[in-house]
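**Q** Just run.pdb, nothing more (PDB, C-alpha atoms and all ligand atoms):
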```
ATOM      1  CA  MET J  19     -27.579  -6.011  -5.499
ATOM      2  CA  TRP J  20     -26.377  -9.636  -5.255
ATOM      3  CA  GLU J  21     -25.835 -11.707  -8.371
ATOM      4  CA  LYS J  22     -25.699 -15.479  -8.091
ATOM      5  CA  CYS J  23     -22.503 -16.837  -9.644
ATOM      6  CA  ILE J  24     -22.278 -19.742 -12.046
ATOM      7  CA  PHE J  25     -19.133 -21.580 -11.037
ATOM      8  CA  ILE J  26     -16.870 -22.507 -13.961
ATOM      9  CA  LYS J  27     -13.459 -23.518 -12.745
ATOM     10  CA  LEU J  28     -11.082 -23.536  -9.822
ATOM     11  CA  ILE J  29      -7.343 -23.522 -10.457
ATOM     12  CA  LYS J  30      -5.204 -24.542  -7.495
ATOM     13  CA  TRP J  31      -1.753 -23.128  -8.221
ATOM     14  CA  SER J  32      -0.382 -24.344  -4.899
ATOM     15  CA  ASN J  33      -1.701 -25.190  -1.460
ATOM     16  CA  TYR J  34      -2.228 -21.477  -0.785
ATOM     17  CA  LEU J  35      -2.769 -19.773  -4.162
ATOM     18  CA  PHE J  36      -5.775 -20.277  -6.405
ATOM     19  CA  SER J  37      -7.959 -18.664  -9.035
ATOM     20  CA  ILE J  38     -11.680 -19.005  -9.445
ATOM     21  CA  LYS J  39     -13.565 -18.493 -12.700
ATOM     22  CA  PHE J  40     -17.295 -17.903 -12.873
ATOM     23  CA  LYS J  41     -20.064 -16.057 -14.669
ATOM     24  CA  ALA J  42     -22.377 -13.475 -13.115
ATOM     25  CA  ASP J  43     -24.607 -10.786 -14.519
ATOM     26  CA  ILE J  44     -22.578  -7.796 -13.322
ATOM     27  CA  LEU J  45     -22.362  -4.248 -14.635
ATOM     28  CA  LYS J  46     -19.297  -3.183 -16.580
ATOM     29  CA  PHE J  47     -16.413  -2.519 -14.210
ATOM     30  CA  ILE J  48     -13.291  -0.409 -14.529
ATOM     31  CA  PRO J  49     -10.074  -2.494 -14.567
ATOM     32  CA  GLY J  50      -8.609  -2.440 -11.071
ATOM     33  CA  GLN J  51     -11.960  -2.453  -9.292
ATOM     34  CA  PHE J  52     -13.059  -5.112  -6.815
ATOM     35  CA  THR J  53     -16.275  -6.963  -6.129
ATOM     36  CA  ILE J  54     -17.837  -7.989  -2.843
ATOM     37  CA  LEU J  55     -18.152 -11.752  -2.753
ATOM     38  CA  ARG J  56     -20.722 -13.311  -0.436
ATOM     39  CA  ILE J  57     -21.035 -16.879   0.798
ATOM     40  CA  LYS J  58     -23.375 -18.438   3.319
ATOM     41  CA  ILE J  59     -21.727 -20.189   6.239
ATOM     42  CA  ARG J  60     -24.191 -22.033   8.435
ATOM     43  CA  ASN J  61     -26.912 -19.406   8.688
ATOM     44  CA  ASN J  62     -24.747 -16.354   8.220
ATOM     45  CA  TYR J  63     -23.637 -14.515   5.143
ATOM     46  CA  ILE J  64     -19.979 -13.473   5.023
ATOM     47  CA  ASN J  65     -18.639 -10.884   2.597
ATOM     48  CA  ARG J  66     -15.093 -10.345   1.367
ATOM     49  CA  PHE J  67     -13.566  -8.035  -1.233
ATOM     50  CA  TYR J  68     -11.767  -9.422  -4.303
ATOM     51  CA  SER J  69     -10.330  -7.665  -7.355
ATOM     52  CA  TYR J  70     -11.280  -8.847 -10.814
ATOM     53  CA  ILE J  71      -8.260  -9.947 -12.814
ATOM     54  CA  ASN J  72     -10.086 -10.459 -16.126
ATOM     55  CA  SER J  73     -10.554  -7.845 -18.825
ATOM     56  CA  TYR J  74     -13.692  -5.741 -18.394
ATOM     57  CA  LYS J  75     -14.789  -7.182 -21.781
ATOM     58  CA  SER J  76     -14.644 -10.810 -20.690
ATOM     59  CA  LYS J  77     -17.875 -12.696 -19.911
ATOM     60  CA  ILE J  78     -15.876 -15.004 -17.679
ATOM     61  CA  LEU J  79     -14.947 -13.356 -14.402
ATOM     62  CA  GLU J  80     -11.771 -14.335 -12.570
ATOM     63  CA  LEU J  81     -10.387 -13.770  -9.088
ATOM     64  CA  TYR J  82      -6.874 -14.555  -7.872
ATOM     65  CA  ILE J  83      -6.796 -15.398  -4.181
ATOM     66  CA  HIS J  84      -4.368 -16.218  -1.395
ATOM     67  CA  LYS J  85      -5.840 -18.853   0.940
ATOM     68  CA  SER J  86      -5.539 -17.273   4.359
ATOM     69  CA  GLY J  87      -8.682 -17.486   6.493
ATOM     70  CA  ILE J  88     -12.373 -18.362   6.634
ATOM     71  CA  VAL J  89     -13.750 -17.347   3.232
ATOM     72  CA  SER J  90     -10.667 -18.045   1.129
ATOM     73  CA  ASN J  91     -10.457 -21.572   2.612
ATOM     74  CA  ILE J  92     -14.053 -22.257   1.658
ATOM     75  CA  LEU J  93     -13.471 -20.917  -1.854
ATOM     76  CA  TYR J  94     -10.335 -23.060  -2.194
ATOM     77  CA  ASN J  95     -12.520 -26.128  -1.712
ATOM     78  CA  ILE J  96     -15.563 -24.835  -3.548
ATOM     79  CA  ASP J  97     -15.630 -27.545  -6.188
ATOM     80  CA  LYS J  98     -16.016 -30.114  -3.438
ATOM     81  CA  ASN J  99     -18.415 -28.118  -1.279
ATOM     82  CA  ASN J 100     -21.547 -26.346  -2.343
ATOM     83  CA  LYS J 101     -20.851 -23.990  -5.222
ATOM     84  CA  ILE J 102     -23.176 -21.184  -4.200
ATOM     85  CA  PHE J 103     -21.725 -17.720  -3.915
ATOM     86  CA  TYR J 104     -22.708 -14.233  -4.948
ATOM     87  CA  VAL J 105     -21.023 -11.067  -6.135
ATOM     88  CA  THR J 106     -22.278  -7.533  -6.254
ATOM     89  CA  LYS J 107     -23.898  -6.234  -9.432
ATOM     90  CA  LYS J 108     -21.693  -3.137  -9.195
ATOM     91  CA  SER J 109     -17.933  -3.143  -8.697
ATOM     92  CA  TYR J 110     -16.121  -0.729  -6.454
ATOM     93  CA  GLY J 111     -12.923   1.144  -5.770
ATOM     94  CA  ASN J 112     -10.686   3.891  -7.056
ATOM     95  CA  PHE J 113      -7.680   1.732  -7.741
ATOM     96  CA  ILE J 114      -7.894   2.471 -11.446
ATOM     97  CA  LEU J 115      -5.489   3.899 -13.996
ATOM     98  CA  PRO J 116      -5.128   7.681 -13.818
ATOM     99  CA  ASN J 117      -6.680   9.457 -16.767
ATOM    100  CA  LYS J 118      -3.808  11.877 -17.169
ATOM    101  CA  LYS J 119      -0.480  11.970 -18.953
ATOM    102  CA  TYR J 120       2.553  10.841 -16.959
ATOM    103  CA  ASN J 121       6.134  10.213 -17.853
ATOM    104  CA  THR J 122       6.436   6.934 -15.946
ATOM    105  CA  LEU J 123       3.728   4.814 -14.405
ATOM    106  CA  TRP J 124       5.106   2.662 -11.584
ATOM    107  CA  MET J 125       2.917  -0.381 -10.871
ATOM    108  CA  ILE J 126       4.108  -1.831  -7.584
ATOM    109  CA  SER J 127       2.603  -4.923  -5.952
ATOM    110  CA  SER J 128       3.170  -7.843  -3.651
ATOM    111  CA  GLY J 129       1.501 -11.269  -3.698
ATOM    112  CA  THR J 130      -2.050 -11.318  -5.047
ATOM    113  CA  GLY J 131      -1.805  -7.514  -5.335
ATOM    114  CA  ILE J 132      -0.696  -8.081  -8.951
ATOM    115  CA  GLY J 133      -4.361  -8.950  -9.727
ATOM    116  CA  PRO J 134      -5.731  -5.483 -10.579
ATOM    117  CA  TYR J 135      -2.758  -4.837 -12.885
ATOM    118  CA  ILE J 136      -3.522  -8.049 -14.795
ATOM    119  CA  SER J 137      -7.024  -6.738 -15.472
ATOM    120  CA  MET J 138      -5.607  -3.364 -16.569
ATOM    121  CA  LEU J 139      -3.017  -4.985 -18.849
ATOM    122  CA  LYS J 140      -5.743  -7.156 -20.431
ATOM    123  CA  SER J 141      -8.030  -4.150 -21.056
ATOM    124  CA  ASP J 142      -6.608  -2.009 -23.915
ATOM    125  CA  PHE J 143      -3.833  -0.874 -21.603
ATOM    126  CA  ASN J 144      -2.437   2.608 -22.282
ATOM    127  CA  LYS J 145      -4.574   3.052 -25.388
ATOM    128  CA  ASN J 146      -4.420   6.863 -25.010
ATOM    129  CA  ASN J 147      -0.646   6.776 -24.613
ATOM    130  CA  ASN J 148      -0.924   8.381 -21.199
ATOM    131  CA  PHE J 149       2.261   6.752 -19.966
ATOM    132  CA  LYS J 150       5.555   7.057 -21.769
ATOM    133  CA  TYR J 151       7.184   4.354 -19.661
ATOM    134  CA  VAL J 152       5.623   1.673 -17.488
ATOM    135  CA  LYS J 153       7.584  -0.143 -14.785
ATOM    136  CA  ILE J 154       5.943  -3.132 -13.114
ATOM    137  CA  LEU J 155       7.654  -4.021  -9.826
ATOM    138  CA  HIS J 156       6.251  -7.225  -8.351
ATOM    139  CA  SER J 157       7.360  -8.967  -5.193
ATOM    140  CA  ILE J 158       6.742 -12.609  -4.223
ATOM    141  CA  LYS J 159       8.289 -14.937  -1.708
ATOM    142  CA  TYR J 160       9.080 -17.778  -4.134
ATOM    143  CA  ILE J 161       9.268 -17.635  -7.916
ATOM    144  CA  LYS J 162       6.613 -20.372  -8.165
ATOM    145  CA  ASP J 163       4.187 -17.877  -6.572
ATOM    146  CA  PHE J 164       4.236 -15.717  -9.697
ATOM    147  CA  VAL J 165       1.568 -17.820 -11.367
ATOM    148  CA  TYR J 166       0.591 -15.193 -13.961
ATOM    149  CA  LEU J 167       4.184 -14.525 -15.035
ATOM    150  CA  TYR J 168       3.735 -16.149 -18.447
ATOM    151  CA  ASN J 169       0.465 -14.256 -19.131
ATOM    152  CA  ILE J 170       1.991 -10.934 -18.145
ATOM    153  CA  LYS J 171       5.117 -11.505 -20.211
ATOM    154  CA  LYS J 172       2.956 -12.375 -23.217
ATOM    155  CA  ILE J 173       0.984  -9.132 -22.886
ATOM    156  CA  ILE J 174       3.971  -6.864 -22.310
ATOM    157  CA  ASN J 175       5.836  -8.362 -25.261
ATOM    158  CA  ASN J 176       3.403  -6.378 -27.418
ATOM    159  CA  TYR J 177       4.675  -3.106 -25.943
ATOM    160  CA  ASN J 178       8.121  -1.579 -26.121
ATOM    161  CA  ASN J 179       7.665   0.690 -23.104
ATOM    162  CA  ILE J 180       6.612  -1.762 -20.362
ATOM    163  CA  GLU J 181       9.225  -3.468 -18.213
ATOM    164  CA  LEU J 182       8.694  -6.090 -15.539
ATOM    165  CA  PHE J 183      10.970  -6.359 -12.493
ATOM    166  CA  ILE J 184      10.563  -9.364 -10.219
ATOM    167  CA  PHE J 185      11.606  -9.419  -6.579
ATOM    168  CA  VAL J 186      11.911 -12.871  -5.005
ATOM    169  CA  THR J 187      12.426 -12.481  -1.281
ATOM    170  CA  LYS J 188      12.799 -16.017   0.093
ATOM    171  CA  GLU J 189      15.070 -17.693  -2.432
ATOM    172  CA  ASN J 190      17.927 -16.738  -4.735
ATOM    173  CA  ILE J 191      16.841 -16.725  -8.345
ATOM    174  CA  LYS J 192      19.209 -15.757 -11.143
ATOM    175  CA  ASN J 193      18.320 -12.600 -13.099
ATOM    176  CA  HIS J 194      15.786 -11.471 -10.500
ATOM    177  CA  PHE J 195      16.110  -9.155  -7.557
ATOM    178  CA  ASN J 196      16.556 -11.143  -4.365
ATOM    179  CA  LYS J 197      15.580  -8.456  -1.901
ATOM    180  CA  ARG J 198      12.401  -6.489  -1.189
ATOM    181  CA  ILE J 199      11.246  -3.738  -3.534
ATOM    182  CA  THR J 200      11.746  -1.197  -0.768
ATOM    183  CA  TYR J 201      15.420  -2.127  -0.409
ATOM    184  CA  PHE J 202      16.004  -0.886  -3.970
ATOM    185  CA  LEU J 203      13.642   2.096  -3.798
ATOM    186  CA  LYS J 204      15.755   3.466  -0.941
ATOM    187  CA  LYS J 205      18.819   3.613  -3.203
ATOM    188  CA  ASN J 206      19.854   6.921  -4.683
ATOM    189  CA  ASN J 207      20.351   5.874  -8.264
ATOM    190  CA  LEU J 208      17.238   4.012  -9.422
ATOM    191  CA  ILE J 209      18.346   4.368 -13.042
ATOM    192  CA  LYS J 210      20.875   1.655 -12.346
ATOM    193  CA  TYR J 211      18.117  -0.811 -11.460
ATOM    194  CA  PHE J 212      15.023   0.358 -13.330
ATOM    195  CA  GLY J 213      16.352   2.586 -16.097
ATOM    196  CA  ARG J 214      14.608   5.615 -14.571
ATOM    197  CA  ASN J 215      14.417   7.532 -11.330
ATOM    198  CA  ILE J 216      11.082   8.273  -9.676
ATOM    199  CA  ASN J 217      10.119  11.858 -10.372
ATOM    200  CA  ILE J 218       7.201  12.969  -8.201
ATOM    201  CA  TYR J 219       6.305  15.788 -10.608
ATOM    202  CA  ASN J 220       5.996  13.683 -13.746
ATOM    203  CA  ASP J 221       5.330  10.152 -12.557
ATOM    204  CA  HIS J 222       2.462   8.289 -10.979
ATOM    205  CA  ILE J 223       2.905   5.465  -8.481
ATOM    206  CA  MET J 224       0.357   2.705  -7.967
ATOM    207  CA  ILE J 225       0.772   0.262  -5.072
ATOM    208  CA  CYS J 226      -1.327  -2.801  -4.297
ATOM    209  CA  GLY J 227      -0.764  -5.337  -1.554
ATOM    210  CA  ASN J 228      -0.494  -5.389   2.206
ATOM    211  CA  ILE J 229      -0.372  -2.306   4.399
ATOM    212  CA  ASN J 230       3.392  -2.638   5.024
ATOM    213  CA  ILE J 231       4.461  -2.373   1.404
ATOM    214  CA  ILE J 232       2.084   0.555   0.856
ATOM    215  CA  ASN J 233       3.308   2.498   3.889
ATOM    216  CA  ASP J 234       6.957   1.681   3.252
ATOM    217  CA  VAL J 235       6.904   2.734  -0.410
ATOM    218  CA  ILE J 236       5.063   5.972   0.396
ATOM    219  CA  ASN J 237       7.462   6.793   3.246
ATOM    220  CA  ILE J 238      10.568   6.106   1.179
ATOM    221  CA  ILE J 239       9.374   8.360  -1.621
ATOM    222  CA  LYS J 240       8.257  11.025   0.858
ATOM    223  CA  ASN J 241      11.631  11.014   2.602
ATOM    224  CA  LYS J 242      13.529  11.237  -0.658
ATOM    225  CA  ASN J 243      11.558  14.277  -1.804
ATOM    226  CA  ILE J 244      11.755  17.370   0.361
ATOM    227  CA  ASP J 245       9.136  19.013  -1.866
ATOM    228  CA  TYR J 246       6.721  16.194  -1.232
ATOM    229  CA  ILE J 247       4.678  18.210   1.280
ATOM    230  CA  ASN J 248       3.841  20.770  -1.397
ATOM    231  CA  LYS J 249       2.485  18.170  -3.735
ATOM    232  CA  ASN J 250      -1.043  16.867  -3.481
ATOM    233  CA  TYR J 251      -0.733  13.352  -2.027
ATOM    234  CA  LYS J 252      -3.430  11.877  -4.249
ATOM    235  CA  ASN J 253      -1.775  13.082  -7.446
ATOM    236  CA  ILE J 254       1.305  11.003  -6.804
ATOM    237  CA  PHE J 255      -0.073   7.749  -5.407
ATOM    238  CA  THR J 256      -2.976   5.436  -6.041
ATOM    239  CA  PHE J 257      -3.057   2.486  -3.680
ATOM    240  CA  GLU J 258      -5.205  -0.442  -2.603
ATOM    241  CA  LYS J 259      -4.755  -2.109   0.760
ATOM    242  CA  TYR J 260      -5.661  -5.822   0.772
ATOM    243  CA  TYR J 261      -4.870  -6.494   4.437
TER     244      TYR J 261
HETATM  245  C1  LIG F 301     -10.218  -3.786  -1.778
HETATM  246  C2  LIG F 301      -9.728  -5.186  -1.464
HETATM  247  C3  LIG F 301      -9.484  -6.075  -2.498
HETATM  248  C4  LIG F 301      -9.003  -7.349  -2.199
HETATM  249  N1  LIG F 301      -8.710  -8.195  -3.232
HETATM  250  C5  LIG F 301      -8.138  -9.408  -2.952
HETATM  251  C6  LIG F 301      -7.743 -10.264  -4.013
HETATM  252  O1  LIG F 301      -7.943  -9.969  -5.219
HETATM  253  N2  LIG F 301      -7.148 -11.459  -3.678
HETATM  254  C7  LIG F 301      -6.926 -11.803  -2.370
HETATM  255  O2  LIG F 301      -6.383 -12.894  -2.122
HETATM  256  N3  LIG F 301      -7.328 -11.013  -1.344
HETATM  257  C8  LIG F 301      -7.936  -9.842  -1.611
HETATM  258  N4  LIG F 301      -8.345  -9.037  -0.569
HETATM  259  C9  LIG F 301      -8.350  -9.597   0.794
HETATM  260  C10 LIG F 301      -9.697 -10.362   0.989
HETATM  261  O3  LIG F 301     -10.784  -9.431   0.984
HETATM  262  C11 LIG F 301      -9.780 -11.115   2.304
HETATM  263  O4  LIG F 301      -9.453 -10.268   3.361
HETATM  264  C12 LIG F 301      -8.888 -12.348   2.325
HETATM  265  O5  LIG F 301      -9.266 -13.275   1.302
HETATM  266  C13 LIG F 301      -8.977 -13.042   3.698
HETATM  267  O6  LIG F 301     -10.307 -13.418   3.945
HETATM  268  P1  LIG F 301     -10.597 -14.771   4.730
HETATM  269  O7  LIG F 301     -12.035 -14.803   5.144
HETATM  270  O8  LIG F 301     -10.105 -15.929   3.937
HETATM  271  O9  LIG F 301      -9.633 -14.641   5.990
HETATM  272  P2  LIG F 301      -9.983 -14.111   7.464
HETATM  273  O10 LIG F 301     -10.614 -15.228   8.236
HETATM  274  O11 LIG F 301     -10.731 -12.824   7.352
HETATM  275  O12 LIG F 301      -8.514 -13.882   8.005
HETATM  276  C14 LIG F 301      -7.725 -12.824   7.506
HETATM  277  C15 LIG F 301      -6.279 -13.279   7.414
HETATM  278  O13 LIG F 301      -5.863 -13.311   6.064
HETATM  279  C16 LIG F 301      -4.691 -12.497   5.845
HETATM  280  N5  LIG F 301      -4.825 -12.030   4.461
HETATM  281  C17 LIG F 301      -5.867 -11.326   3.936
HETATM  282  N6  LIG F 301      -5.700 -11.117   2.602
HETATM  283  C18 LIG F 301      -4.546 -11.720   2.267
HETATM  284  C19 LIG F 301      -3.836 -11.860   1.034
HETATM  285  N7  LIG F 301      -4.307 -11.362  -0.128
HETATM  286  N8  LIG F 301      -2.640 -12.518   1.060
HETATM  287  C20 LIG F 301      -2.160 -13.034   2.223
HETATM  288  N9  LIG F 301      -2.797 -12.943   3.427
HETATM  289  C21 LIG F 301      -3.968 -12.304   3.451
HETATM  290  C22 LIG F 301      -4.779 -11.490   6.946
HETATM  291  O14 LIG F 301      -3.558 -10.966   7.359
HETATM  292  C23 LIG F 301      -5.361 -12.327   8.090
HETATM  293  O15 LIG F 301      -4.338 -13.080   8.688
HETATM  294  C24 LIG F 301      -8.822  -7.764  -0.852
HETATM  295  C25 LIG F 301      -9.111  -6.858   0.186
HETATM  296  C26 LIG F 301      -9.544  -5.592  -0.114
HETATM  297  C27 LIG F 301      -9.807  -4.645   1.027
END
```
Could you write out this file's structure as structure tokens?
Ligand SMILES: Cc1cc2nc3c(=O)[nH]c(=O)nc-3n(C[C@H](O)[C@H](O)[C@H](O)COP(=O)(O)OP(=O)(O)OC[C@H]3O[C@@H](n4cnc5c(N)ncnc54)[C@H](O)[C@@H]3O)c2cc1C

**A**
Amino acid sequence: MWEKCIFIKLIKWSNYLFSIKFKADILKFIPGQFTILRIKIRNNYINRFYSYINSYKSKILELYIHKSGIVSNILYNIDKNNKIFYVTKKSYGNFILPNKKYNTLWMISSGTGIGPYISMLKSDFNKNNNFKYVKILHSIKYIKDFVYLYNIKKIINNYNNIELFIFVTKENIKNHFNKRITYFLKKNNLIKYFGRNINIYNDHIMICGNINIINDVINIIKNKNIDYINKNYKNIFTFEKYY
């Protein structure tokens, strides 16, 4: 089950954000899925979940991590410490693109929750034309935290139906939204901000990040749609809770 990883590179974006690149003999994963990473601390093994952000075709695997506690701190210093860690042969999770036609796909995330979308965008995104419009809504505290901005812009420049909306919550940045995503989702006329309203019958909404953003987005959309109860919950939302 456990595959030993060959460490390639650590990129420290800031004193709390980093990416780690490595090779491991894993099975093909579906973009959006996560691995279980294992390290040995003293005589104990500790496991944590991390989403792959690379294309499923890439031999080099990549994780994008927020340094927050025990394991992420060790990984942040992995090039100095011992470089031994493992990932699971299989990858897991249902946070994957729906295999169905939708009018608009809303890809909502906060912080490192953008990771699974990066993998999706790098992996023949929308090759079956399932989504007529794609709206990526990403929230960060400071603009410098959007470390994959350039990569994402480069990918979406090849499409004429994907739009990126950036929400910077702790500083005022020109041409970006300076409040939380949920502040705008509560508004009545989303066309004004995003060019489209959310239609629970024709759209699909993906959310990745912490529990608050997931609950808040779901509740706002629920409250705005009286018919919501009649609709199957899982058909409208796909979400992944990081913490
Ligand atoms: C399915 C799944 C996929 C995940 N994918 C990723 C990923 O791609 N990148 C990633 O950074 N994390 C991801 N996480 C969270 C990750 O598994 C760990 O929980 C996280 O790295 C903290 O572990 P730790 O040992 O460093 O901290 P711990 O010692 O376990 O302490 C946890 C602390 O970290 C905070 N925390 C956990 N995750 C984050 C985060 N992403 N941003 C800010 N604060 C956080 C918690 O609130 C808590 O305060 C994922 C979690 C799940 C369930």

**Q** Please determine, counting all atoms listed in the file, which residue among J:Ile229, J:Val165, J:Cys23, J:Leu115 has the shortest atom-to-atom distance to ligand LIG 301 (chain F).

**A**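 Ranked by minimum distance to ligand LIG 301 (chain F), first place goes to J:Ile229.
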
**Q** Considering only C-alpha atoms, state which residue in the set J:Ile239, J:Cys226, J:Leu28, J:Ile78 is at the smallest distance from J:Ile132.

**A**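 Counting only C-alpha atoms, the residue closest to J:Ile132 is J:Cys226.
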
**Q** Please, which residues are within 10 Å of (-16.3, -12.7, -19.7) by the file's coordinates, counting only C-alpha atoms, and could they come as a list in words?

**A** Lys39, Phe40, Lys41, Ala42, Asp43, Asn72, Ser73, Tyr74, Lys75, Ser76, Lys77, Ile78, Leu79 and Glu80 of chain J

**Q** At a cut-off of 8 Å and counting all atoms listed in the file, what residues surround ligand LIG 301 (chain F)? Please answer as a VMD selection string.

**A** chain J and resid 51 to 53 66 to 71 81 to 92 111 129 to 131 133 to 134 227 to 228 258 to 261

**Q** Counting all atoms listed in the file, which residue out of J:Phe185, J:Tyr104, J:Phe25, J:Tyr219 sits closest to J:Asn65?

**A**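 So, comparing all the options, the nearest one is J:Tyr104.
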